[in-house]
$ cat target.csv   # CSV, N, CA and C atoms
chain,number,residue,atom,x,y,z
A,468,MET,N,15.0,-3.0,7.8
A,468,MET,CA,13.6,-2.6,7.6
A,468,MET,C,12.7,-3.7,8.1
A,469,ASN,N,11.6,-3.3,8.8
A,469,ASN,CA,10.6,-4.2,9.2
A,469,ASN,C,9.7,-4.6,8.0
A,470,GLU,N,8.7,-5.4,8.2
A,470,GLU,CA,7.8,-5.8,7.1
A,470,GLU,C,7.1,-4.5,6.5
A,471,LEU,N,7.0,-4.5,5.2
A,471,LEU,CA,6.4,-3.4,4.5
A,471,LEU,C,5.0,-3.7,4.1
A,472,LEU,N,4.1,-2.8,4.5
A,472,LEU,CA,2.7,-3.0,4.2
A,472,LEU,C,2.2,-1.9,3.3
A,473,VAL,N,1.4,-2.2,2.2
A,473,VAL,CA,0.8,-1.2,1.4
A,473,VAL,C,-0.7,-1.2,1.8
A,474,ARG,N,-1.2,-0.1,2.2
A,474,ARG,CA,-2.6,0.0,2.7
A,474,ARG,C,-3.1,1.4,2.4
A,475,GLU,N,-4.4,1.5,2.5
A,475,GLU,CA,-5.1,2.8,2.4
A,475,GLU,C,-4.6,3.7,3.5
A,476,ALA,N,-4.4,4.9,3.2
A,476,ALA,CA,-4.0,5.9,4.2
A,476,ALA,C,-5.1,6.2,5.1
A,477,THR,N,-4.8,6.5,6.3
A,477,THR,CA,-5.9,6.9,7.3
A,477,THR,C,-5.5,8.3,7.8
A,478,VAL,N,-6.4,8.9,8.5
A,478,VAL,CA,-6.1,10.3,9.1
A,478,VAL,C,-4.9,10.3,10.0
A,479,HIS,N,-4.5,9.1,10.5
A,479,HIS,CA,-3.3,9.0,11.3
A,479,HIS,C,-2.0,9.1,10.5
A,480,ASP,N,-2.2,9.0,9.2
A,480,ASP,CA,-1.0,9.1,8.3
A,480,ASP,C,-0.8,10.5,7.7
A,481,ILE,N,-1.7,11.4,8.0
A,481,ILE,CA,-1.6,12.7,7.3
A,481,ILE,C,-0.3,13.4,7.6
A,482,ASP,N,0.2,13.4,8.8
A,482,ASP,CA,1.4,14.1,9.2
A,482,ASP,C,2.6,13.4,8.5
A,483,SER,N,2.5,12.2,8.0
A,483,SER,CA,3.6,11.6,7.2
A,483,SER,C,3.4,11.7,5.7
A,484,VAL,N,2.2,11.8,5.3
A,484,VAL,CA,1.9,11.8,3.8
A,484,VAL,C,2.0,13.3,3.3
A,485,LEU,N,1.6,14.3,4.1
A,485,LEU,CA,1.7,15.6,3.6
A,485,LEU,C,3.2,16.0,3.2
A,486,PRO,N,4.2,15.7,4.1
A,486,PRO,CA,5.5,16.1,3.7
A,486,PRO,C,6.0,15.3,2.4
A,487,LEU,N,5.5,14.1,2.1
A,487,LEU,CA,5.8,13.4,0.9
A,487,LEU,C,5.2,14.2,-0.3
A,488,MET,N,3.9,14.6,-0.1
A,488,MET,CA,3.3,15.4,-1.2
A,488,MET,C,4.0,16.7,-1.5
A,489,GLN,N,4.5,17.4,-0.4
A,489,GLN,CA,5.3,18.6,-0.5
A,489,GLN,C,6.6,18.3,-1.2
A,490,GLY,N,7.2,17.2,-0.9
A,490,GLY,CA,8.5,16.8,-1.5
A,490,GLY,C,8.3,16.5,-3.0
A,491,LEU,N,7.2,15.9,-3.4
A,491,LEU,CA,6.9,15.7,-4.8
A,491,LEU,C,6.7,17.0,-5.5
A,492,ALA,N,6.0,18.0,-4.9
A,492,ALA,CA,5.8,19.3,-5.5
A,492,ALA,C,7.1,20.0,-5.6
A,493,ALA,N,8.0,19.9,-4.7
A,493,ALA,CA,9.3,20.5,-4.8
A,493,ALA,C,10.1,19.9,-5.9
A,494,PHE,N,10.1,18.6,-6.0
A,494,PHE,CA,10.8,17.9,-7.1
A,494,PHE,C,10.3,18.2,-8.4
A,495,GLU,N,9.0,18.4,-8.6
A,495,GLU,CA,8.4,18.7,-9.9
A,495,GLU,C,8.3,20.2,-10.1
A,496,GLY,N,8.7,21.0,-9.2
A,496,GLY,CA,8.8,22.5,-9.4
A,496,GLY,C,7.5,23.2,-9.3
A,497,TYR,N,6.5,22.7,-8.5
A,497,TYR,CA,5.3,23.5,-8.3
A,497,TYR,C,4.9,23.7,-6.8
A,498,SER,N,5.9,23.8,-6.0
A,498,SER,CA,5.7,24.0,-4.5
A,498,SER,C,4.9,25.2,-4.3
A,499,GLU,N,5.1,26.3,-5.0
A,499,GLU,CA,4.4,27.6,-4.7
A,499,GLU,C,2.9,27.4,-5.1
A,500,GLN,N,2.5,26.5,-6.0
A,500,GLN,CA,1.2,26.4,-6.4
A,500,GLN,C,0.4,25.2,-5.7
A,501,LEU,N,1.1,24.5,-4.9
A,501,LEU,CA,0.5,23.3,-4.2
A,501,LEU,C,-0.6,23.8,-3.3
A,502,LYS,N,-1.8,23.1,-3.6
A,502,LYS,CA,-3.0,23.5,-2.8
A,502,LYS,C,-3.3,22.5,-1.7
A,503,VAL,N,-2.7,21.4,-1.7
A,503,VAL,CA,-3.0,20.3,-0.7
A,503,VAL,C,-2.5,20.8,0.7
A,504,ASN,N,-3.4,20.7,1.7
A,504,ASN,CA,-3.1,21.0,3.0
A,504,ASN,C,-3.7,19.9,3.9
A,505,ARG,N,-3.5,20.1,5.2
A,505,ARG,CA,-4.0,19.0,6.1
A,505,ARG,C,-5.5,18.8,6.0
A,506,ASN,N,-6.3,19.8,5.8
A,506,ASN,CA,-7.7,19.7,5.7
A,506,ASN,C,-8.1,19.0,4.4
A,507,SER,N,-7.5,19.4,3.3
A,507,SER,CA,-7.9,18.8,2.0
A,507,SER,C,-7.4,17.4,1.9
A,508,LEU,N,-6.3,17.0,2.5
A,508,LEU,CA,-5.8,15.7,2.6
A,508,LEU,C,-6.8,14.8,3.4
A,509,GLU,N,-7.2,15.3,4.5
A,509,GLU,CA,-8.2,14.6,5.3
A,509,GLU,C,-9.5,14.3,4.6
A,510,GLN,N,-10.0,15.3,3.8
A,510,GLN,CA,-11.2,15.1,3.0
A,510,GLN,C,-10.9,14.0,1.9
A,511,LEU,N,-9.8,14.0,1.3
A,511,LEU,CA,-9.5,13.0,0.3
A,511,LEU,C,-9.4,11.6,0.9
A,512,ILE,N,-8.8,11.5,2.1
A,512,ILE,CA,-8.7,10.2,2.7
A,512,ILE,C,-10.0,9.7,3.3
A,513,GLU,N,-10.8,10.6,3.9
A,513,GLU,CA,-12.0,10.2,4.6
A,513,GLU,C,-13.2,10.1,3.7
A,514,HIS,N,-13.3,11.0,2.7
A,514,HIS,CA,-14.7,11.2,2.1
A,514,HIS,C,-14.7,11.0,0.6
A,515,ASN,N,-13.6,10.6,-0.1
A,515,ASN,CA,-13.6,10.6,-1.5
A,515,ASN,C,-13.6,9.1,-2.0
A,516,SER,N,-14.7,8.7,-2.7
A,516,SER,CA,-14.8,7.3,-3.1
A,516,SER,C,-14.2,7.1,-4.5
A,517,GLN,N,-13.9,8.2,-5.2
A,517,GLN,CA,-13.3,8.1,-6.5
A,517,GLN,C,-11.8,8.2,-6.6
A,518,ALA,N,-11.2,8.6,-5.5
A,518,ALA,CA,-9.8,8.8,-5.4
A,518,ALA,C,-9.3,8.4,-4.0
A,519,GLY,N,-8.0,8.3,-3.9
A,519,GLY,CA,-7.5,7.9,-2.6
A,519,GLY,C,-6.0,7.9,-2.5
A,520,VAL,N,-5.5,7.6,-1.4
A,520,VAL,CA,-4.0,7.6,-1.1
A,520,VAL,C,-3.7,6.2,-0.5
A,521,LEU,N,-2.7,5.6,-1.1
A,521,LEU,CA,-2.1,4.4,-0.5
A,521,LEU,C,-0.8,4.8,0.1
A,522,VAL,N,-0.4,4.1,1.2
A,522,VAL,CA,0.9,4.3,1.8
A,522,VAL,C,1.6,3.0,1.9
A,523,ALA,N,2.9,3.1,1.7
A,523,ALA,CA,3.8,2.0,2.0
A,523,ALA,C,4.4,2.3,3.4
A,524,ALA,N,4.1,1.5,4.3
A,524,ALA,CA,4.5,1.8,5.7
A,524,ALA,C,5.2,0.6,6.3
A,525,GLU,N,6.3,0.9,7.1
A,525,GLU,CA,6.9,-0.2,7.8
A,525,GLU,C,6.0,-0.6,9.0
A,526,ASP,N,5.9,-1.9,9.1
A,526,ASP,CA,5.1,-2.4,10.3
A,526,ASP,C,6.1,-2.6,11.4
A,527,SER,N,6.3,-1.6,12.2
A,527,SER,CA,7.2,-1.7,13.3
A,527,SER,C,6.5,-2.0,14.6
A,528,GLY,N,5.2,-2.3,14.6
A,528,GLY,CA,4.4,-2.6,15.8
A,528,GLY,C,4.0,-1.3,16.5
A,529,GLU,N,4.3,-0.2,16.0
A,529,GLU,CA,4.0,1.1,16.6
A,529,GLU,C,3.0,1.9,15.7
A,530,VAL,N,2.2,2.7,16.3
A,530,VAL,CA,1.4,3.6,15.5
A,530,VAL,C,1.8,5.0,15.9
A,531,PRO,N,2.0,5.9,15.0
A,531,PRO,CA,1.9,5.7,13.6
A,531,PRO,C,3.1,4.9,13.0
A,532,HIS,N,2.8,4.3,11.9
A,532,HIS,CA,3.9,3.5,11.2
A,532,HIS,C,4.8,4.5,10.5
A,533,CYS,N,6.0,4.1,10.2
A,533,CYS,CA,6.9,4.9,9.5
A,533,CYS,C,6.5,4.8,8.0
A,534,VAL,N,6.0,5.9,7.4
A,534,VAL,CA,5.5,5.9,6.0
A,534,VAL,C,6.7,6.1,5.1
A,535,ALA,N,7.0,5.2,4.2
A,535,ALA,CA,8.1,5.2,3.3
A,535,ALA,C,7.8,5.8,2.0
A,536,GLY,N,6.5,5.7,1.6
A,536,GLY,CA,6.1,6.2,0.3
A,536,GLY,C,4.6,6.4,0.2
A,537,MET,N,4.1,7.1,-0.8
A,537,MET,CA,2.7,7.2,-1.0
A,537,MET,C,2.4,7.1,-2.5
A,538,LEU,N,1.1,6.7,-2.8
A,538,LEU,CA,0.6,6.6,-4.1
A,538,LEU,C,-0.8,7.2,-4.1
A,539,VAL,N,-1.0,8.2,-5.0
A,539,VAL,CA,-2.3,8.8,-5.2
A,539,VAL,C,-2.9,8.2,-6.4
A,540,TYR,N,-4.2,7.8,-6.3
A,540,TYR,CA,-4.9,7.2,-7.4
A,540,TYR,C,-6.3,7.7,-7.6
A,541,PHE,N,-6.9,7.5,-8.7
A,541,PHE,CA,-8.3,7.7,-8.9
A,541,PHE,C,-8.8,6.7,-9.8
A,542,TYR,N,-10.2,6.6,-9.9
A,542,TYR,CA,-10.8,5.6,-10.7
A,542,TYR,C,-11.3,6.2,-12.0
A,543,GLN,N,-11.1,5.6,-13.1
A,543,GLN,CA,-11.5,6.1,-14.4
A,543,GLN,C,-12.2,5.0,-15.1
A,544,PRO,N,-13.5,5.1,-15.4
A,544,PRO,CA,-14.2,4.1,-16.2
A,544,PRO,C,-13.8,4.2,-17.7
A,545,PHE,N,-13.5,3.0,-18.3
A,545,PHE,CA,-13.2,3.0,-19.7
A,545,PHE,C,-14.4,2.7,-20.5
A,546,THR,N,-14.4,3.3,-21.7
A,546,THR,CA,-15.7,3.3,-22.5
A,546,THR,C,-16.1,2.0,-23.0
A,547,TYR,N,-15.1,1.1,-23.2
A,547,TYR,CA,-15.5,-0.2,-23.8
A,547,TYR,C,-16.2,-1.1,-22.9
A,548,ASP,N,-16.0,-1.0,-21.5
A,548,ASP,CA,-16.8,-1.8,-20.6
A,548,ASP,C,-17.4,-1.1,-19.4
A,549,LEU,N,-17.0,0.2,-19.3
A,549,LEU,CA,-17.5,1.1,-18.3
A,549,LEU,C,-17.1,0.7,-16.9
A,550,LYS,N,-16.2,-0.2,-16.8
A,550,LYS,CA,-15.7,-0.7,-15.5
A,550,LYS,C,-14.6,0.3,-15.1
A,551,PRO,N,-14.6,0.7,-13.8
A,551,PRO,CA,-13.5,1.6,-13.3
A,551,PRO,C,-12.2,0.9,-13.2
A,552,TRP,N,-11.2,1.6,-13.7
A,552,TRP,CA,-9.8,1.1,-13.5
A,552,TRP,C,-9.0,2.1,-12.7
A,553,MET,N,-8.1,1.5,-11.8
A,553,MET,CA,-7.3,2.4,-11.0
A,553,MET,C,-6.3,3.1,-11.8
A,554,VAL,N,-6.2,4.4,-11.8
A,554,VAL,CA,-5.1,5.1,-12.5
A,554,VAL,C,-4.2,5.7,-11.4
A,555,ILE,N,-2.9,5.5,-11.6
A,555,ILE,CA,-2.0,6.1,-10.6
A,555,ILE,C,-1.6,7.5,-11.1
A,556,LYS,N,-1.9,8.4,-10.2
A,556,LYS,CA,-1.7,9.8,-10.5
A,556,LYS,C,-0.3,10.2,-10.0
A,557,GLU,N,0.1,9.8,-8.8
A,557,GLU,CA,1.4,10.2,-8.2
A,557,GLU,C,2.0,9.1,-7.4
A,558,LEU,N,3.3,8.9,-7.5
A,558,LEU,CA,4.0,8.0,-6.6
A,558,LEU,C,5.2,8.7,-6.2
A,559,PHE,N,5.4,8.7,-4.8
A,559,PHE,CA,6.6,9.3,-4.3
A,559,PHE,C,7.1,8.5,-3.1
A,560,VAL,N,8.4,8.3,-3.1
A,560,VAL,CA,9.1,7.6,-2.1
A,560,VAL,C,10.0,8.5,-1.3
A,561,ALA,N,10.0,8.4,0.0
A,561,ALA,CA,10.9,9.2,0.9
A,561,ALA,C,12.4,8.9,0.4
A,562,ALA,N,13.2,10.0,0.4
A,562,ALA,CA,14.6,9.9,0.0
A,562,ALA,C,15.3,8.7,0.7
A,563,LYS,N,15.1,8.6,2.0
A,563,LYS,CA,15.8,7.6,2.7
A,563,LYS,C,15.5,6.2,2.4
A,564,CYS,N,14.3,6.0,1.7
A,564,CYS,CA,13.8,4.7,1.4
A,564,CYS,C,14.0,4.3,-0.1
A,565,ARG,N,14.6,5.1,-0.9
A,565,ARG,CA,14.8,4.9,-2.3
A,565,ARG,C,15.9,3.9,-2.6
A,566,GLY,N,15.8,3.2,-3.7
A,566,GLY,CA,16.9,2.3,-4.2
A,566,GLY,C,16.7,0.9,-3.8
A,567,GLY,N,15.6,0.6,-3.2
A,567,GLY,CA,15.3,-0.8,-2.9
A,567,GLY,C,14.1,-1.3,-3.7
A,568,VAL,N,13.3,-2.2,-3.1
A,568,VAL,CA,12.2,-2.8,-3.8
A,568,VAL,C,10.9,-2.1,-3.5
A,569,LEU,N,11.0,-1.0,-2.9
A,569,LEU,CA,9.8,-0.3,-2.4
A,569,LEU,C,8.9,0.1,-3.6
A,570,VAL,N,9.4,0.7,-4.7
A,570,VAL,CA,8.6,1.2,-5.8
A,570,VAL,C,7.9,0.0,-6.4
A,571,LYS,N,8.7,-1.1,-6.7
A,571,LYS,CA,8.0,-2.3,-7.3
A,571,LYS,C,6.9,-2.8,-6.4
A,572,HIS,N,7.1,-2.8,-5.1
A,572,HIS,CA,6.1,-3.2,-4.1
A,572,HIS,C,4.9,-2.3,-4.2
A,573,CYS,N,5.1,-1.0,-4.3
A,573,CYS,CA,4.0,0.0,-4.4
A,573,CYS,C,3.2,-0.2,-5.7
A,574,LEU,N,3.9,-0.6,-6.8
A,574,LEU,CA,3.2,-0.7,-8.0
A,574,LEU,C,2.4,-2.0,-8.2
A,575,THR,N,2.9,-3.1,-7.5
A,575,THR,CA,2.2,-4.4,-7.6
A,575,THR,C,1.2,-4.6,-6.5
A,576,GLN,N,1.3,-4.0,-5.4
A,576,GLN,CA,0.4,-4.3,-4.3
A,576,GLN,C,-0.9,-3.6,-4.4
A,577,PRO,N,-1.1,-2.4,-5.0
A,577,PRO,CA,-2.4,-1.8,-5.0
A,577,PRO,C,-3.5,-2.7,-5.5
A,578,ARG,N,-3.3,-3.5,-6.6
A,578,ARG,CA,-4.4,-4.3,-7.1
A,578,ARG,C,-4.9,-5.3,-6.1
A,579,ARG,N,-4.1,-5.6,-5.1
A,579,ARG,CA,-4.5,-6.5,-4.1
A,579,ARG,C,-5.1,-5.8,-2.9
A,580,THR,N,-4.9,-4.5,-2.8
A,580,THR,CA,-5.3,-3.7,-1.7
A,580,THR,C,-6.6,-3.0,-1.9
A,581,VAL,N,-6.8,-2.4,-3.0
A,581,VAL,CA,-8.0,-1.6,-3.3
A,581,VAL,C,-9.1,-2.4,-3.9

$ encode --input "target.csv" --output "structure tokens"
Amino acid sequence: MNELLVREATVHDIDSVLPLMQGLAAFEGYSEQLKVNRNSLEQLIEHNSQAGVLVAAEDSGEVPHCVAGMLVYFYQPFTYDLKPWMVIKELFVAAKCRGGVLVKHCLTQPRRTV
């Protein structure tokens, strides 16, 4: 595997992220109710300042990168200081990339990325 980068998803990642979201829905048993589609994912990535998608992608020197996993987050202000904290809503890793250090990387890297 080439170097792994955790970064904000872009519209160029939609074709890689959408199947991961569909895979998560299938795993959790709500495929039939899944409302995410290409357009709604584009809106989330491009226009939502309170939520977003991070991707773990292989830096192969090519675009688009091979997306190995995705993390969906939102910001929630806590009452004691009203500062927004990042809350992880979903984390899903492609089946072919499971079993390594990817999940640990996805959980530790966001605080440096966002």

$ closest_residue --input "target.csv" --among "A:Leu485, A:Val473, A:Leu549, A:Val560" --to "Val503 in chain A" --atoms "only C-alpha atoms"
A:Leu485

$ atom_distance --input "target.csv" --atom1 "CA of Gly566 in chain A" --atom2 "atom C of Ala524 in chain A"
15.8 Å

$ closest_residue --input "target.csv" --among "A:Leu487, A:Met553, A:Leu501, A:Ala518" --to "Gly536 in chain A" --atoms "all atoms listed in the file"
A:Leu487

$ closest_residue --input "target.csv" --among "A:Ala523, A:Leu558, A:Glu470, A:Gln517" --to "Phe541 in chain A" --atoms "only C-alpha atoms"
A:Gln517

$ residues_near_point --input "target.csv" --point "(-2.9, 5.3, 1.7)" --cutoff "6 Å" --atoms "only N, CA and C atoms" --output "compact mmCIF listing (two decimals) with N, CA and C atoms, keeping the file's coordinate frame"
# COMPACT_ATOMS: atom_id res chain seq x y z
N ARG A 474 -1.20 -0.10 2.20
CA ARG A 474 -2.60 0.00 2.70
C ARG A 474 -3.10 1.40 2.40
N GLU A 475 -4.40 1.50 2.50
CA GLU A 475 -5.10 2.80 2.40
C GLU A 475 -4.60 3.70 3.50
N ALA A 476 -4.40 4.90 3.20
CA ALA A 476 -4.00 5.90 4.20
C ALA A 476 -5.10 6.20 5.10
N THR A 477 -4.80 6.50 6.30
CA THR A 477 -5.90 6.90 7.30
C THR A 477 -5.50 8.30 7.80
N GLY A 519 -8.00 8.30 -3.90
CA GLY A 519 -7.50 7.90 -2.60
C GLY A 519 -6.00 7.90 -2.50
N VAL A 520 -5.50 7.60 -1.40
CA VAL A 520 -4.00 7.60 -1.10
C VAL A 520 -3.70 6.20 -0.50
N LEU A 521 -2.70 5.60 -1.10
CA LEU A 521 -2.10 4.40 -0.50
C LEU A 521 -0.80 4.80 0.10
N VAL A 522 -0.40 4.10 1.20
CA VAL A 522 0.90 4.30 1.80
C VAL A 522 1.60 3.00 1.90

$ residues_near_point --input "target.csv" --point "(-9.5, 5.0, -14.7)" --cutoff "6.5 Å" --atoms "all atoms listed in the file" --output "PDB file with N, CA and C atoms, keeping the file's coordinate frame"
ATOM      1  N   PHE A 541      -6.900   7.500  -8.700  1.00  0.00           N
ATOM      2  CA  PHE A 541      -8.300   7.700  -8.900  1.00  0.00           C
ATOM      3  C   PHE A 541      -8.800   6.700  -9.800  1.00  0.00           C
ATOM      4  N   TYR A 542     -10.200   6.600  -9.900  1.00  0.00           N
ATOM      5  CA  TYR A 542     -10.800   5.600 -10.700  1.00  0.00           C
ATOM      6  C   TYR A 542     -11.300   6.200 -12.000  1.00  0.00           C
ATOM      7  N   GLN A 543     -11.100   5.600 -13.100  1.00  0.00           N
ATOM      8  CA  GLN A 543     -11.500   6.100 -14.400  1.00  0.00           C
ATOM      9  C   GLN A 543     -12.200   5.000 -15.100  1.00  0.00           C
ATOM     10  N   PRO A 544     -13.500   5.100 -15.400  1.00  0.00           N
ATOM     11  CA  PRO A 544     -14.200   4.100 -16.200  1.00  0.00           C
ATOM     12  C   PRO A 544     -13.800   4.200 -17.700  1.00  0.00           C
ATOM     13  N   PHE A 545     -13.500   3.000 -18.300  1.00  0.00           N
ATOM     14  CA  PHE A 545     -13.200   3.000 -19.700  1.00  0.00           C
ATOM     15  C   PHE A 545     -14.400   2.700 -20.500  1.00  0.00           C
ATOM     16  N   PRO A 551     -14.600   0.700 -13.800  1.00  0.00           N
ATOM     17  CA  PRO A 551     -13.500   1.600 -13.300  1.00  0.00           C
ATOM     18  C   PRO A 551     -12.200   0.900 -13.200  1.00  0.00           C
ATOM     19  N   TRP A 552     -11.200   1.600 -13.700  1.00  0.00           N
ATOM     20  CA  TRP A 552      -9.800   1.100 -13.500  1.00  0.00           C
ATOM     21  C   TRP A 552      -9.000   2.100 -12.700  1.00  0.00           C
ATOM     22  N   MET A 553      -8.100   1.500 -11.800  1.00  0.00           N
ATOM     23  CA  MET A 553      -7.300   2.400 -11.000  1.00  0.00           C
ATOM     24  C   MET A 553      -6.300   3.100 -11.800  1.00  0.00           C
ATOM     25  N   VAL A 554      -6.200   4.400 -11.800  1.00  0.00           N
ATOM     26  CA  VAL A 554      -5.100   5.100 -12.500  1.00  0.00           C
ATOM     27  C   VAL A 554      -4.200   5.700 -11.400  1.00  0.00           C
TER      28      VAL A 554
END

$ axis_aligned_box --input "target.csv" --around "range 507-511 of chain A" --padding-each-side "8 Å" --output "JSON"
{"center_x": -8.5, "center_y": 15.5, "center_z": 2.8, "size_x": 21.4, "size_y": 23.8, "size_z": 21.0}

$ atom_distance --input "target.csv" --atom1 "atom C of Ile512 in chain A" --atom2 "atom C of Tyr547 in chain A"
29.0 Å

$ closest_residue --input "target.csv" --among "A:Asp548, A:Leu472, A:Met537, A:Glu509" --to "Gln489 in chain A" --atoms "only C-alpha atoms"
A:Met537

$ atom_distance --input "target.csv" --atom1 "atom C of Cys533 in chain A" --atom2 "CA of His479 in chain A"
11.2 Å

$ residues_around --input "target.csv" --residues "Glu557 in chain A" --least-positions-apart "6" --cutoff "6 Å" --atoms "all atoms listed in the file" --output "ChimeraX atom specification"
/A:537-540

$ select_by_dssp --input "target.csv" --residues "range 469-580 of chain A" --states "alpha helix (DSSP H)" --output "VMD selection string"
chain A and resid 481 to 495 505 to 514 569 to 575 577 to 580

$ closest_residue --input "target.csv" --among "A:Cys564, A:Ile481, A:Pro486, A:Glu525" --to "Leu508 in chain A" --atoms "all atoms listed in the file"
A:Ile481
